[in-house]
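Pasted below: start_35.cif, mmCIF, C-alpha atoms.
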data_upload
#
loop_
_atom_site.label_atom_id
_atom_site.label_comp_id
_atom_site.auth_asym_id
_atom_site.auth_seq_id
_atom_site.Cartn_x
_atom_site.Cartn_y
_atom_site.Cartn_z
CA MET A 24 58.26 -169.03 79.14
CA THR A 25 58.41 -168.64 82.91
CA ASP A 26 56.10 -165.64 82.52
CA ILE A 27 53.44 -167.82 80.93
CA LEU A 28 53.82 -170.44 83.64
CA PHE A 29 53.53 -167.73 86.29
CA LEU A 30 50.38 -166.35 84.64
CA THR A 31 48.72 -169.76 84.42
CA GLU A 32 49.56 -170.36 88.06
CA ILE A 33 47.80 -167.12 88.98
CA LEU A 34 44.84 -168.19 86.83
CA VAL A 35 44.69 -171.61 88.48
CA ALA A 36 44.88 -170.06 91.94
CA ALA A 37 42.15 -167.55 91.09
CA LEU A 38 39.86 -170.30 89.75
CA LEU A 39 40.45 -172.40 92.87
CA VAL A 40 39.54 -169.46 95.10
CA ILE A 41 36.41 -168.67 93.03
CA GLY A 42 35.31 -172.30 93.13
CA ALA A 43 35.92 -172.57 96.87
CA VAL A 44 34.05 -169.33 97.56
CA PHE A 45 30.98 -170.41 95.60
CA THR A 46 30.97 -173.84 97.24
CA LEU A 47 31.20 -172.13 100.62
CA ILE A 48 28.34 -169.77 99.76
CA GLY A 49 26.31 -172.80 98.67
CA SER A 50 26.83 -174.47 102.04
CA TYR A 51 26.20 -171.22 103.91
CA GLY A 52 22.95 -170.81 101.98
CA LEU A 53 21.88 -174.27 103.10
CA LEU A 54 22.31 -173.11 106.71
CA LYS A 55 20.87 -169.64 106.33
CA LEU A 56 17.77 -170.13 104.19
CA ASP A 57 14.72 -171.07 106.22
CA GLN A 58 12.29 -172.96 103.97
CA PRO A 59 12.89 -176.37 102.34
CA MET A 60 12.25 -175.10 98.81
CA LYS A 61 14.53 -172.10 99.34
CA ARG A 62 17.24 -174.41 100.65
CA LEU A 63 17.13 -176.39 97.43
CA HIS A 64 18.57 -173.38 95.58
CA ALA A 65 21.86 -173.46 97.47
CA PRO A 66 23.24 -176.85 96.29
CA THR A 67 22.43 -176.13 92.64
CA LYS A 68 24.83 -173.22 92.89
CA ALA A 69 27.63 -175.20 94.48
CA SER A 70 27.38 -177.91 91.87
CA THR A 71 27.47 -175.62 88.84
CA LEU A 72 29.85 -172.68 89.15
CA GLY A 73 31.71 -173.97 92.23
CA VAL A 74 32.62 -177.38 90.90
CA GLY A 75 32.87 -175.99 87.35
CA SER A 76 35.67 -173.58 88.16
CA LEU A 77 37.48 -176.12 90.37
CA LEU A 78 37.48 -178.55 87.44
CA LEU A 79 38.63 -175.82 85.04
CA ALA A 80 41.53 -175.09 87.40
CA SER A 81 42.42 -178.79 87.46
CA MET A 82 42.35 -178.91 83.66
CA ILE A 83 44.59 -175.84 83.21
CA HIS A 84 47.01 -177.17 85.80
CA GLY A 85 47.08 -180.53 84.03
CA PHE A 86 47.93 -178.93 80.70
CA THR A 87 50.73 -176.74 82.04
CA SER A 88 52.34 -179.52 84.08
CA GLY A 89 52.38 -181.85 81.09
CA GLU A 90 49.77 -184.31 82.30
CA ALA A 91 47.03 -183.09 80.04
CA SER A 92 43.70 -184.64 80.88
CA LEU A 93 40.21 -184.03 79.61
CA HIS A 94 38.46 -186.21 82.19
CA GLU A 95 37.17 -183.04 83.82
CA LEU A 96 34.98 -182.36 80.79
CA LEU A 97 33.22 -185.68 81.41
CA VAL A 98 32.84 -184.95 85.11
CA MET A 99 31.21 -181.64 84.21
CA ALA A 100 28.95 -183.20 81.58
CA PHE A 101 27.69 -185.95 83.90
CA LEU A 102 27.27 -183.51 86.76
CA PHE A 103 25.21 -181.16 84.60
CA ALA A 104 23.09 -184.05 83.39
CA THR A 105 22.39 -185.51 86.84
CA ALA A 106 22.21 -182.47 89.16
CA PRO A 107 18.77 -181.30 87.89
CA ILE A 108 17.36 -184.80 88.35
CA SER A 109 18.38 -185.12 91.99
CA GLY A 110 17.11 -181.56 92.57
CA ASN A 111 13.80 -182.51 90.98
CA PHE A 112 13.50 -185.59 93.22
CA ILE A 113 14.03 -183.54 96.37
CA ALA A 114 11.44 -181.03 95.15
CA LYS A 115 8.97 -183.87 94.50
CA VAL A 116 9.48 -185.20 98.03
CA HIS A 117 8.68 -181.73 99.29
CA LEU A 118 5.47 -181.70 97.24
CA HIS A 119 4.47 -185.09 98.64
CA ARG A 120 5.05 -183.93 102.19
CA GLN A 121 2.69 -181.01 101.58
CA ARG A 122 -0.12 -183.49 100.79
CA GLY A 123 -2.28 -181.78 98.21
CA GLY A 124 -0.29 -178.66 97.54
CA LYS A 125 -2.89 -176.00 98.18
CA GLU A 126 -0.30 -173.25 98.08
CA LEU A 127 0.73 -174.16 94.54
CA PRO A 128 -0.70 -172.37 91.52
CA ALA A 129 -3.12 -174.66 89.66
CA PRO A 130 -2.12 -175.85 86.18
CA PRO A 131 -3.90 -173.94 83.40
CA SER A 132 -5.89 -176.93 82.16
CA GLU A 133 -8.12 -179.17 84.27
CA GLU A 134 -5.15 -181.45 84.95
CA ARG A 135 -3.25 -181.75 88.21
CA TRP A 136 0.47 -181.60 88.85
CA ALA A 137 2.03 -184.93 87.94
CA THR A 138 3.19 -185.61 91.53
CA TYR A 139 -0.43 -185.60 92.73
CA SER A 140 -2.03 -187.20 89.71
CA GLU A 141 -2.35 -190.66 91.29
CA GLN A 142 -3.96 -189.63 94.54
CA MET B 2 20.25 -199.31 49.00
CA SER B 3 23.36 -197.78 50.55
CA ARG B 4 21.24 -195.21 52.38
CA ARG B 5 19.11 -197.93 53.91
CA LEU B 6 22.22 -199.79 54.95
CA THR B 7 23.65 -196.68 56.62
CA ARG B 8 20.34 -196.22 58.39
CA LYS B 9 20.44 -199.76 59.66
CA LEU B 10 24.02 -199.54 60.81
CA LEU B 11 23.71 -196.02 62.23
CA PRO B 12 20.15 -195.53 63.44
CA HIS B 13 21.26 -192.68 65.64
CA PRO B 14 24.32 -190.87 64.16
CA MET B 15 24.50 -188.21 66.87
CA LEU B 16 24.46 -190.81 69.65
CA SER B 17 27.20 -192.72 67.84
CA THR B 18 29.38 -189.61 67.61
CA LEU B 19 28.75 -188.85 71.27
CA LEU B 20 29.72 -192.40 72.27
CA VAL B 21 33.00 -192.20 70.34
CA VAL B 22 33.85 -188.85 71.95
CA VAL B 23 32.94 -190.04 75.46
CA TRP B 24 34.95 -193.23 74.97
CA CYS B 25 38.05 -191.29 73.88
CA LEU B 26 37.62 -188.94 76.86
CA LEU B 27 37.24 -191.87 79.27
CA ILE B 28 40.41 -193.53 77.97
CA ASN B 29 41.94 -190.04 77.87
CA ASP B 30 43.91 -190.74 74.76
CA LEU B 31 43.47 -190.25 71.03
CA THR B 32 45.09 -193.17 69.25
CA LEU B 33 43.76 -195.23 66.37
CA GLY B 34 42.94 -198.17 68.66
CA THR B 35 40.82 -196.05 70.96
CA VAL B 36 38.92 -194.46 68.10
CA VAL B 37 38.28 -197.81 66.42
CA PHE B 38 37.03 -199.41 69.63
CA GLY B 39 34.93 -196.30 70.29
CA ALA B 40 33.48 -196.62 66.80
CA ILE B 41 32.59 -200.27 67.44
CA LEU B 42 30.76 -199.23 70.62
CA GLY B 43 29.20 -196.31 68.73
CA ILE B 44 27.74 -198.75 66.21
CA LEU B 45 26.73 -201.58 68.56
CA ILE B 46 25.09 -199.57 71.36
CA PRO B 47 22.67 -197.54 69.16
CA ILE B 48 21.66 -200.71 67.28
CA SER B 49 20.97 -202.67 70.45
CA THR B 50 19.09 -199.80 72.10
CA ALA B 51 17.18 -198.60 69.03
CA ALA B 52 14.01 -200.32 70.29
CA TYR B 53 13.93 -197.95 73.27
CA TRP B 54 13.85 -194.83 71.09
CA PRO B 55 10.58 -195.20 69.18
CA ASP B 56 9.94 -191.51 68.42
CA ARG B 57 13.20 -189.79 68.94
CA PRO B 58 13.16 -186.12 67.97
CA LYS B 59 14.84 -184.96 64.79
CA ILE B 60 17.32 -182.26 65.62
CA THR B 61 17.22 -180.10 62.55
CA ARG B 62 19.84 -177.54 63.53
CA PRO B 63 22.50 -179.13 65.78
CA LEU B 64 24.69 -176.00 65.66
CA ARG B 65 21.96 -174.07 67.46
CA LEU B 66 22.35 -176.56 70.31
CA VAL B 67 25.95 -175.37 70.70
CA SER B 68 24.96 -171.71 70.84
CA TYR B 69 22.19 -172.65 73.27
CA ALA B 70 24.76 -174.32 75.54
CA MET B 71 26.93 -171.18 75.39
CA ILE B 72 24.00 -168.98 76.40
CA VAL B 73 23.13 -171.32 79.27
CA ILE B 74 26.73 -171.41 80.57
CA TRP B 75 26.89 -167.60 80.48
CA ASP B 76 23.55 -167.36 82.30
CA ILE B 77 24.73 -169.84 84.94
CA ILE B 78 27.74 -167.61 85.69
CA VAL B 79 25.68 -164.40 85.86
CA ALA B 80 22.88 -165.97 87.91
CA ASN B 81 25.37 -167.60 90.30
CA VAL B 82 26.74 -164.19 91.23
CA GLN B 83 23.24 -162.75 91.63
CA VAL B 84 22.09 -165.60 93.87
CA ALA B 85 25.31 -165.48 95.90
CA MET B 86 24.57 -161.80 96.59
CA ILE B 87 21.01 -162.66 97.64
CA VAL B 88 22.19 -165.47 99.95
CA LEU B 89 24.92 -163.36 101.53
CA PHE B 90 23.28 -159.99 101.93
CA LYS B 91 19.51 -160.36 101.87
CA PRO B 92 17.74 -161.23 105.13
CA ASN B 93 15.36 -164.18 104.93
CA ALA B 94 12.34 -162.00 105.67
CA ASP B 95 13.05 -159.72 102.69
CA MET B 96 13.16 -162.51 100.12
CA SER B 97 10.05 -163.31 98.19
CA PRO B 98 10.20 -166.97 97.20
CA ASN B 99 7.49 -167.71 94.71
CA TRP B 100 5.97 -170.45 92.63
CA VAL B 101 6.08 -169.68 88.93
CA LEU B 102 3.76 -171.35 86.44
CA ILE B 103 5.14 -171.76 82.94
CA PRO B 104 2.67 -172.79 80.25
CA LEU B 105 4.63 -174.85 77.71
CA ASP B 106 4.60 -174.48 73.95
CA LEU B 107 7.11 -177.32 73.62
CA ARG B 108 5.62 -180.77 73.02
CA THR B 109 8.72 -182.94 72.51
CA PRO B 110 9.52 -184.76 75.79
CA GLU B 111 13.28 -184.43 75.22
CA ALA B 112 12.96 -180.66 74.72
CA ILE B 113 10.89 -180.30 77.90
CA THR B 114 13.52 -182.30 79.80
CA LEU B 115 16.24 -179.99 78.50
CA LEU B 116 14.20 -176.93 79.46
CA ALA B 117 13.56 -178.26 82.98
CA GLY B 118 17.27 -179.09 83.36
CA THR B 119 18.26 -175.62 82.19
CA ILE B 120 15.87 -174.02 84.68
CA THR B 121 17.33 -176.03 87.56
CA LEU B 122 20.95 -175.40 86.54
CA THR B 123 20.53 -171.63 86.37
CA PRO B 124 20.57 -170.68 90.05
CA GLY B 125 17.55 -168.93 91.49
CA THR B 126 15.03 -171.22 89.84
CA VAL B 127 14.32 -174.93 90.36
CA SER B 128 11.87 -176.81 88.17
CA THR B 129 9.64 -178.81 90.49
CA ASP B 130 6.88 -180.54 88.62
CA LEU B 131 5.13 -181.01 85.33
CA SER B 132 1.36 -181.01 84.95
CA SER B 133 0.03 -184.45 84.20
CA ASP B 134 -0.81 -183.53 80.59
CA GLY B 135 2.70 -182.14 80.08
CA ARG B 136 1.53 -178.65 79.17
CA ALA B 137 2.76 -176.63 82.12
CA LEU B 138 5.88 -176.56 84.26
CA LEU B 139 5.95 -175.65 87.96
CA VAL B 140 9.05 -173.68 88.90
CA HIS B 141 10.18 -172.41 92.27
CA ALA B 142 12.04 -169.10 92.33
CA LEU B 143 14.25 -168.09 95.26
CA ASP B 144 13.62 -164.37 95.05
CA ALA B 145 11.04 -163.28 92.52
CA PRO B 146 8.82 -160.37 93.53
CA ASP B 147 7.33 -160.57 90.04
CA PRO B 148 6.71 -164.21 88.96
CA ASP B 149 5.40 -163.11 85.57
CA ALA B 150 8.76 -161.56 84.68
CA VAL B 151 10.53 -164.86 85.48
CA ARG B 152 8.02 -166.73 83.35
CA ASP B 153 8.46 -164.37 80.39
CA GLU B 154 12.25 -164.51 80.62
CA ILE B 155 12.30 -168.33 80.63
CA LYS B 156 9.86 -168.44 77.73
CA THR B 157 11.69 -165.97 75.51
CA ARG B 158 15.24 -166.87 76.43
CA TYR B 159 15.17 -170.69 76.60
CA GLU B 160 11.91 -172.11 75.37
CA ARG B 161 11.87 -170.17 72.08
CA ARG B 162 15.40 -171.39 71.25
CA LEU B 163 14.58 -175.00 72.15
CA LYS B 164 11.51 -174.82 69.96
CA GLU B 165 13.69 -173.74 67.05
CA ILE B 166 16.05 -176.65 67.67
CA PHE B 167 13.54 -179.46 68.23
CA GLU B 168 10.32 -178.54 66.45
#

Please go through the file and, once you have read it, give me the structure as structure tokens.
Amino acid sequence: MTDILFLTEILVAALLVIGAVFTLIGSYGLLKLDQPMKRLHAPTKASTLGVGSLLLASMIHGFTSGEASLHELLVMAFLFATAPISGNFIAKVHLHRQRGGKELPAPPSEERWATYSEQ
Amino acid sequence: MSRRLTRKLLPHPMLSTLLVVVWCLLINDLTLGTVVFGAILGILIPISTAAYWPDRPKITRPLRLVSYAMIVIWDIIVANVQVAMIVLFKPNADMSPNWVLIPLDLRTPEAITLLAGTITLTPGTVSTDLSSDGRALLVHALDAPDPDAVRDEIKTRYERRLKEIFE
């Protein structure tokens, strides 16, 4: 029994370290990358694998210490549903600041990109 | 008669199930009272919001959605490691950030939303914009020397599966 507890503790510790490392890399990427669109890639990383493994660690710890909780599943679900939307909004702001977007590839049809369609 | 009644009471069975599950998770407890109250919410909310879902898509194969989620989670893990390596060890000047144009075969708005969300969640690509007729997606890739390869991978790996689920 103590062996199992010891093993889960190692697992929880490993997941915490993995989550922390990926969150750190996400923040470091925000500093290191030099263009706004490249910078946008860093937070998507931190919010998926980083937070994901931290929450998994919290769930495993909860189950072994007898306070089982599945709230983390909801946190993950809402995070995965909302993270792309905030990312998309930041990207749209970037497109607006470019005013016209000449560096973008043109859509295949005669249409424009939706961000510019009302100009 | 009974089928029409079920339809009226449960216009959106999958939403109802989801509401019951989310309610039980929020309360963090699986007793009869929680499930019953969740079921009441699961019946009332879809009925009162049915007017906002005029042409909701029919999901013909819900199990495929589960396998799709598994594939996406696996890809998120793999791509996270790849992008971490790029961020840590590749100098800024050596990266080739690129815009990728993805012509869409999907027509269902919900499926396109899912595809755009998947693209943003898998690190290395962020979906940026949709063309105003909804037939092409603009994606930014962090390090893609060959934008066509990114486009083909997204089309075969995600879009084909979503098309099977929604259309």

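Restricting the calculation to all atoms listed in the file, the smallest distance between Ile33 (chain A) and any of A:Ile83, A:Val116, A:Met60, A:Ile48 is found for A:Ile83.
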
Pick out the chain A residues within 8 Å of chain B. Count all atoms listed in the file. Give them as a PyMOL selection string. chain A and resi 45+48-49+52+55-57+60-61+63-64+67-68+71-72+92-94+97+103-104+106-108+110-111+114-115+127-128+130-131+134-138+140

Can you turn the PyMOL selection byres ((chain B and resi 40) around 12) into a concrete residue list for this file, as number ranges by chain? B: 10-11, 14, 16-25, 33-39, 41-47

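Those residues returned by the PyMOL selection byres ((chain B and resi 109) around 12) for this file are Asp56, Arg57, Pro58, Lys59, Ile60, Leu105, Asp106, Leu107, Arg108, Pro110, Glu111, Ala112, Ile113, Thr114, Leu115, Leu116, Gly135, Arg136, Glu160, Leu163, Lys164, Glu165, Ile166, Phe167 and Glu168 of chain B.
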
What is the distance, in Å and to one decimal place, between CA of Ala129 (chain A) and CA of Ala145 (chain B)? 18.4 Å

Which value, in Å to one decimal, gives the distance between CA of Ala43 (chain A) and CA of Leu28 (chain A)? 22.4 Å
